[in-house]
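Enquirer: Structure file protein.pdb, PDB, C-alpha atoms, pLDDT in the B column, is pasted below:
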MODEL        1
ATOM      1  CA  MET N  13     169.655  78.176-205.949  1.00 50.00           C
ATOM      2  CA  MET N  14     172.638  80.427-206.752  1.00 48.00           C
ATOM      3  CA  TRP N  15     175.036  77.668-205.569  1.00 43.00           C
ATOM      4  CA  LYS N  16     173.988  75.550-208.591  1.00 46.00           C
ATOM      5  CA  VAL N  17     175.614  78.170-210.817  1.00 43.00           C
ATOM      6  CA  ILE N  18     178.555  79.137-208.624  1.00 44.00           C
ATOM      7  CA  LEU N  19     179.688  75.612-207.681  1.00 41.00           C
ATOM      8  CA  PRO N  20     180.356  74.426-211.277  1.00 46.00           C
ATOM      9  CA  LEU N  21     182.156  77.699-212.046  1.00 44.00           C
ATOM     10  CA  LEU N  22     184.371  77.324-208.983  1.00 43.00           C
ATOM     11  CA  ALA N  23     185.110  73.690-209.861  1.00 48.00           C
ATOM     12  CA  ALA N  24     186.109  74.668-213.404  1.00 47.00           C
ATOM     13  CA  ALA N  25     188.293  77.521-212.163  1.00 45.00           C
ATOM     14  CA  PHE N  26     189.991  75.222-209.652  1.00 46.00           C
ATOM     15  CA  ALA N  27     190.661  72.556-212.297  1.00 48.00           C
ATOM     16  CA  VAL N  28     192.236  75.092-214.659  1.00 48.00           C
ATOM     17  CA  GLY N  29     194.221  76.788-211.915  1.00 47.00           C
ATOM     18  CA  SER N  30     195.481  73.571-210.309  1.00 49.00           C
ATOM     19  CA  GLY N  31     197.711  72.629-213.246  1.00 56.00           C
ATOM     20  CA  SER N  32     195.600  69.688-214.353  1.00 60.00           C
ATOM     21  CA  VAL N  33     196.211  68.325-217.845  1.00 61.00           C
ATOM     22  CA  LEU N  34     193.986  69.687-220.574  1.00 73.00           C
ATOM     23  CA  VAL N  35     191.778  66.984-222.065  1.00 78.00           C
ATOM     24  CA  GLY N  36     192.880  66.444-225.661  1.00 84.00           C
ATOM     25  CA  GLY N  37     196.146  68.280-225.009  1.00 94.00           C
ATOM     26  CA  PRO N  38     199.654  66.820-225.119  1.00 97.00           C
ATOM     27  CA  GLN N  39     200.349  64.144-222.505  1.00 98.00           C
ATOM     28  CA  ASN N  40     203.752  63.044-221.237  1.00 98.00           C
ATOM     29  CA  ILE N  41     204.325  59.388-222.127  1.00 99.00           C
ATOM     30  CA  ASP N  42     206.833  56.638-221.432  1.00 98.00           C
ATOM     31  CA  SER N  43     209.587  56.809-224.041  1.00 98.00           C
ATOM     32  CA  ASN N  44     209.653  52.981-224.069  1.00 98.00           C
ATOM     33  CA  ASP N  45     206.100  52.842-225.464  1.00 98.00           C
ATOM     34  CA  ALA N  46     206.205  50.696-228.625  1.00 98.00           C
ATOM     35  CA  GLU N  47     204.257  53.160-230.797  1.00 98.00           C
ATOM     36  CA  PHE N  48     206.387  56.068-229.598  1.00 99.00           C
ATOM     37  CA  GLN N  49     209.517  54.064-230.452  1.00 98.00           C
ATOM     38  CA  LYS N  50     208.238  53.591-234.026  1.00 98.00           C
ATOM     39  CA  ALA N  51     207.572  57.326-234.361  1.00 99.00           C
ATOM     40  CA  MET N  52     211.007  58.087-232.921  1.00 99.00           C
ATOM     41  CA  ARG N  53     212.770  55.740-235.360  1.00 98.00           C
ATOM     42  CA  PHE N  54     210.859  57.402-238.207  1.00 99.00           C
ATOM     43  CA  ALA N  55     211.889  60.886-237.033  1.00 99.00           C
ATOM     44  CA  VAL N  56     215.566  59.904-236.798  1.00 98.00           C
ATOM     45  CA  SER N  57     215.474  58.223-240.214  1.00 97.00           C
ATOM     46  CA  GLN N  58     213.957  61.395-241.708  1.00 98.00           C
ATOM     47  CA  TYR N  59     216.637  63.492-240.027  1.00 98.00           C
ATOM     48  CA  ASN N  60     219.336  61.321-241.604  1.00 97.00           C
ATOM     49  CA  LEU N  61     217.604  61.366-244.983  1.00 96.00           C
ATOM     50  CA  LEU N  62     217.153  65.142-245.076  1.00 97.00           C
ATOM     51  CA  SER N  63     220.387  66.306-243.435  1.00 97.00           C
ATOM     52  CA  ASP N  64     223.512  67.119-245.388  1.00 96.00           C
ATOM     53  CA  HIS N  65     225.764  65.251-242.954  1.00 96.00           C
ATOM     54  CA  ILE N  66     228.091  62.616-244.410  1.00 96.00           C
ATOM     55  CA  TYR N  67     227.622  60.333-241.392  1.00 97.00           C
ATOM     56  CA  TYR N  68     224.513  58.798-239.868  1.00 96.00           C
ATOM     57  CA  TYR N  69     223.290  60.214-236.578  1.00 97.00           C
ATOM     58  CA  LYS N  70     221.820  57.982-233.885  1.00 96.00           C
ATOM     59  CA  ASP N  71     219.431  58.806-231.045  1.00 98.00           C
ATOM     60  CA  THR N  72     221.223  58.460-227.714  1.00 98.00           C
ATOM     61  CA  ALA N  73     218.783  60.114-225.297  1.00 99.00           C
ATOM     62  CA  VAL N  74     215.079  60.939-225.113  1.00 99.00           C
ATOM     63  CA  LEU N  75     214.786  64.286-223.351  1.00 99.00           C
ATOM     64  CA  SER N  76     210.986  64.508-223.641  1.00 99.00           C
ATOM     65  CA  ALA N  77     208.162  62.390-225.049  1.00 99.00           C
ATOM     66  CA  GLN N  78     204.527  63.429-225.519  1.00 99.00           C
ATOM     67  CA  SER N  79     201.487  62.244-227.411  1.00 99.00           C
ATOM     68  CA  GLN N  80     198.276  63.996-228.386  1.00 98.00           C
ATOM     69  CA  VAL N  81     195.115  62.628-229.979  1.00 97.00           C
ATOM     70  CA  VAL N  82     194.533  64.583-233.225  1.00 96.00           C
ATOM     71  CA  GLU N  83     192.788  62.454-235.886  1.00 96.00           C
ATOM     72  CA  GLY N  84     195.432  59.902-235.059  1.00 97.00           C
ATOM     73  CA  ILE N  85     198.322  60.441-232.689  1.00 98.00           C
ATOM     74  CA  LYS N  86     200.786  63.310-232.792  1.00 99.00           C
ATOM     75  CA  TYR N  87     204.048  62.446-231.076  1.00 99.00           C
ATOM     76  CA  THR N  88     206.276  65.300-229.982  1.00 99.00           C
ATOM     77  CA  MET N  89     209.777  64.444-228.857  1.00 99.00           C
ATOM     78  CA  THR N  90     213.070  66.046-227.977  1.00 99.00           C
ATOM     79  CA  LEU N  91     216.052  63.811-228.722  1.00 99.00           C
ATOM     80  CA  LYS N  92     219.804  63.942-228.466  1.00 99.00           C
ATOM     81  CA  LEU N  93     221.359  62.670-231.709  1.00 99.00           C
ATOM     82  CA  GLU N  94     225.033  61.818-232.015  1.00 98.00           C
ATOM     83  CA  LYS N  95     227.311  61.279-234.990  1.00 98.00           C
ATOM     84  CA  THR N  96     228.175  57.646-235.754  1.00 97.00           C
ATOM     85  CA  SER N  97     231.078  55.995-237.530  1.00 95.00           C
ATOM     86  CA  CYS N  98     228.835  54.965-240.466  1.00 96.00           C
ATOM     87  CA  LYS N  99     228.790  56.965-243.667  1.00 96.00           C
ATOM     88  CA  LYS N 100     225.409  57.315-245.340  1.00 94.00           C
ATOM     89  CA  THR N 101     226.831  55.655-248.455  1.00 90.00           C
ATOM     90  CA  GLU N 102     227.741  52.541-246.425  1.00 86.00           C
ATOM     91  CA  PRO N 103     224.809  51.762-244.123  1.00 75.00           C
ATOM     92  CA  ARG N 104     225.480  49.091-241.498  1.00 83.00           C
ATOM     93  CA  PRO N 105     223.422  47.867-238.560  1.00 82.00           C
ATOM     94  CA  ASP N 106     226.355  48.200-236.130  1.00 88.00           C
ATOM     95  CA  CYS N 107     226.920  51.958-236.280  1.00 92.00           C
ATOM     96  CA  HIS N 108     228.650  53.180-233.134  1.00 95.00           C
ATOM     97  CA  VAL N 109     228.622  56.703-231.774  1.00 97.00           C
ATOM     98  CA  ILE N 110     231.961  58.461-232.257  1.00 97.00           C
ATOM     99  CA  LYS N 111     233.624  59.019-228.872  1.00 96.00           C
ATOM    100  CA  ASP N 112     236.747  60.902-229.997  1.00 97.00           C
ATOM    101  CA  PRO N 113     236.119  64.524-228.918  1.00 96.00           C
ATOM    102  CA  ALA N 114     237.861  65.844-232.036  1.00 97.00           C
ATOM    103  CA  ALA N 115     235.406  64.043-234.352  1.00 96.00           C
ATOM    104  CA  ALA N 116     232.297  63.705-232.161  1.00 98.00           C
ATOM    105  CA  HIS N 117     229.233  65.854-232.786  1.00 98.00           C
ATOM    106  CA  SER N 118     225.765  65.931-231.267  1.00 98.00           C
ATOM    107  CA  VAL N 119     222.554  67.860-231.814  1.00 99.00           C
ATOM    108  CA  ILE N 120     219.372  68.317-229.817  1.00 99.00           C
ATOM    109  CA  CYS N 121     216.293  67.994-232.013  1.00 99.00           C
ATOM    110  CA  LYS N 122     212.595  68.486-231.466  1.00 99.00           C
ATOM    111  CA  PHE N 123     210.366  66.441-233.792  1.00 99.00           C
ATOM    112  CA  ALA N 124     206.605  66.265-234.365  1.00 99.00           C
ATOM    113  CA  VAL N 125     205.390  63.030-235.973  1.00 99.00           C
ATOM    114  CA  TRP N 126     201.755  62.403-236.956  1.00 99.00           C
ATOM    115  CA  VAL N 127     200.621  58.774-237.096  1.00 98.00           C
ATOM    116  CA  ARG N 128     197.308  57.596-238.553  1.00 98.00           C
ATOM    117  CA  ILE N 129     197.470  53.817-238.215  1.00 95.00           C
ATOM    118  CA  TRP N 130     194.215  53.075-240.064  1.00 96.00           C
ATOM    119  CA  LEU N 131     195.589  54.853-243.155  1.00 97.00           C
ATOM    120  CA  ILE N 132     199.071  53.355-242.769  1.00 95.00           C
ATOM    121  CA  ASP N 133     200.295  56.965-242.734  1.00 97.00           C
ATOM    122  CA  ILE N 134     203.184  58.493-240.796  1.00 98.00           C
ATOM    123  CA  ARG N 135     204.446  62.025-241.405  1.00 98.00           C
ATOM    124  CA  LEU N 136     207.144  64.280-240.049  1.00 99.00           C
ATOM    125  CA  MET N 137     205.189  67.449-239.293  1.00 99.00           C
ATOM    126  CA  GLY N 138     208.136  69.491-238.115  1.00 98.00           C
ATOM    127  CA  SER N 139     211.659  69.425-236.794  1.00 98.00           C
ATOM    128  CA  SER N 140     214.179  71.842-235.381  1.00 99.00           C
ATOM    129  CA  CYS N 141     217.707  71.091-234.246  1.00 98.00           C
ATOM    130  CA  TYR N 142     220.431  73.029-232.527  1.00 96.00           C
TER
ENDMDL
END
Any chance you could put this one into structure tokens?
Expert:
Amino acid sequence: MMWKVILPLLAAAFAVGSGSVLVGGPQNIDSNDAEFQKAMRFAVSQYNLLSDHIYYYKDTAVLSAQSQVVEGIKYTMTLKLEKTSCKKTEPRPDCHVIKDPAAAHSVICKFAVWVRIWLIDIRLMGSSCY
């Protein structure tokens, strides 16, 4: 009779100790996922809007991508952004990353984007860059 109590406790302890993913917690996702790509474009556009840089910055690498179900989807991402040849006052679709080491600049940024599709709502919940 005691095994009915001990067995579930052992199973729970094993699941927690084995490194399994927490249900409802952040999950690693494919950075090519269409919804993640939308959230990523939003995060980069907000970075460009809010930064005091003269030039646009463009995402050149996804270092991490996660999603979490939280009354919608919270996307957490770490991106490498690089300075382009386009000034913010002259937006163009063909902005190229500056390769000249004297003028080039990059930053690593972590963004949190909250998407609630049914409300047509997307928000930048946080960002930090270095």
Enquirer: Place a sphere of radius 10 Å on (207.9, 64.6, -237.3) in the file coordinates and name every protein, DNA or RNA residue with an atom inside or on its surface, counting only C-alpha atoms; give the answer as a list in words.
Expert: Ala51, Met52, Phe54, Ala55, Val56, Gln58, Tyr59, Lys86, Tyr87, Thr88, Met89, Lys122, Phe123, Ala124, Val125, Trp126, Val127, Ile134, Arg135, Leu136, Met137, Gly138, Ser139 and Ser140 of chain N
Enquirer: Just give me the gap between CA of Ala114 in chain N and CA of Cys141 in chain N in Å, one decimal is fine.
Expert: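 Separating CA of Ala114 in chain N from CA of Cys141 in chain N is a distance of 20.9 Å.
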Enquirer: Expressed in Å to a single decimal, how great is the separation between CA of Asn44 in chain N and CA of Ser57 in chain N?
Expert: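 About the pair CA of Asn44 in chain N and CA of Ser57 in chain N: they are 17.9 Å apart.
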Enquirer: For this file, the PyMOL selection byres ((chain N and resi 38) around 9) selects which residues, as a ChimeraX atom specification?
Expert: /N:33-37,39-40,78-81,86-88
Enquirer: Exactly which residues make up the result of the PyMOL selection byres ((chain N and resi 76) around 6) on this file, given as number ranges by chain?
Expert: N: 74-75, 77, 89-90
Enquirer: May I have the residues from that selection written out with C-alpha atoms, as a PDB file, keeping the file's coordinate frame?
Expert:
ATOM      1  CA  VAL N  74     215.079  60.939-225.113  1.00 99.00           C
ATOM      2  CA  LEU N  75     214.786  64.286-223.351  1.00 99.00           C
ATOM      3  CA  ALA N  77     208.162  62.390-225.049  1.00 99.00           C
ATOM      4  CA  MET N  89     209.777  64.444-228.857  1.00 99.00           C
ATOM      5  CA  THR N  90     213.070  66.046-227.977  1.00 99.00           C
TER       6      THR N  90
END
Enquirer: Out of N:Tyr68, N:Arg128, N:Asp45, N:Ser118, which residue has the shortest atom-to-atom distance to Asp106 in chain N when counting all atoms listed in the file?
Expert: N:Tyr68
Enquirer: Measure the distance from CA of Arg53 in chain N to CA of Lys111 in chain N in Å and round it to one decimal.
Expert: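 That distance, rounded to one decimal, is 22.1 Å.
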Enquirer: Check the smallest atom-to-atom distance from each of N:Tyr142, N:Pro105, N:Thr96, N:Ile110 to Tyr67 in chain N using all atoms listed in the file, then report the winner.
Expert: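 With all atoms listed in the file as the atom set, the closest residue is N:Thr96.
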Enquirer: Here's the selection I'm unsure about, the PyMOL selection byres ((chain N and resi 119) around 9); applied to the file above, which residues does it give, as number ranges by chain?
Expert: N: 91-95, 117-118, 120-121, 141-142
Enquirer: Between N:Pro113, N:Glu83, N:Cys98, N:Gln49, which has the minimum distance to Leu131 in chain N (counting all atoms listed in the file)?
Expert: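 Ranking N:Pro113, N:Glu83, N:Cys98, N:Gln49 by distance to Leu131 in chain N, first place goes to N:Glu83.
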Enquirer: Pick the closest to Ile129 in chain N from N:Ala46, N:Ile85, N:Leu61, N:Ile41: which is it, counting all atoms listed in the file?
Expert: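 The shortest atom-to-atom distance to Ile129 in chain N comes from N:Ile85.
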Enquirer: Compare N:Ser63, N:Ala116, N:Gly84, N:Thr101 by their minimum atom-to-atom distance to Asp133 in chain N, counting all atoms listed in the file, and give me the closest one.
Expert: N:Gly84
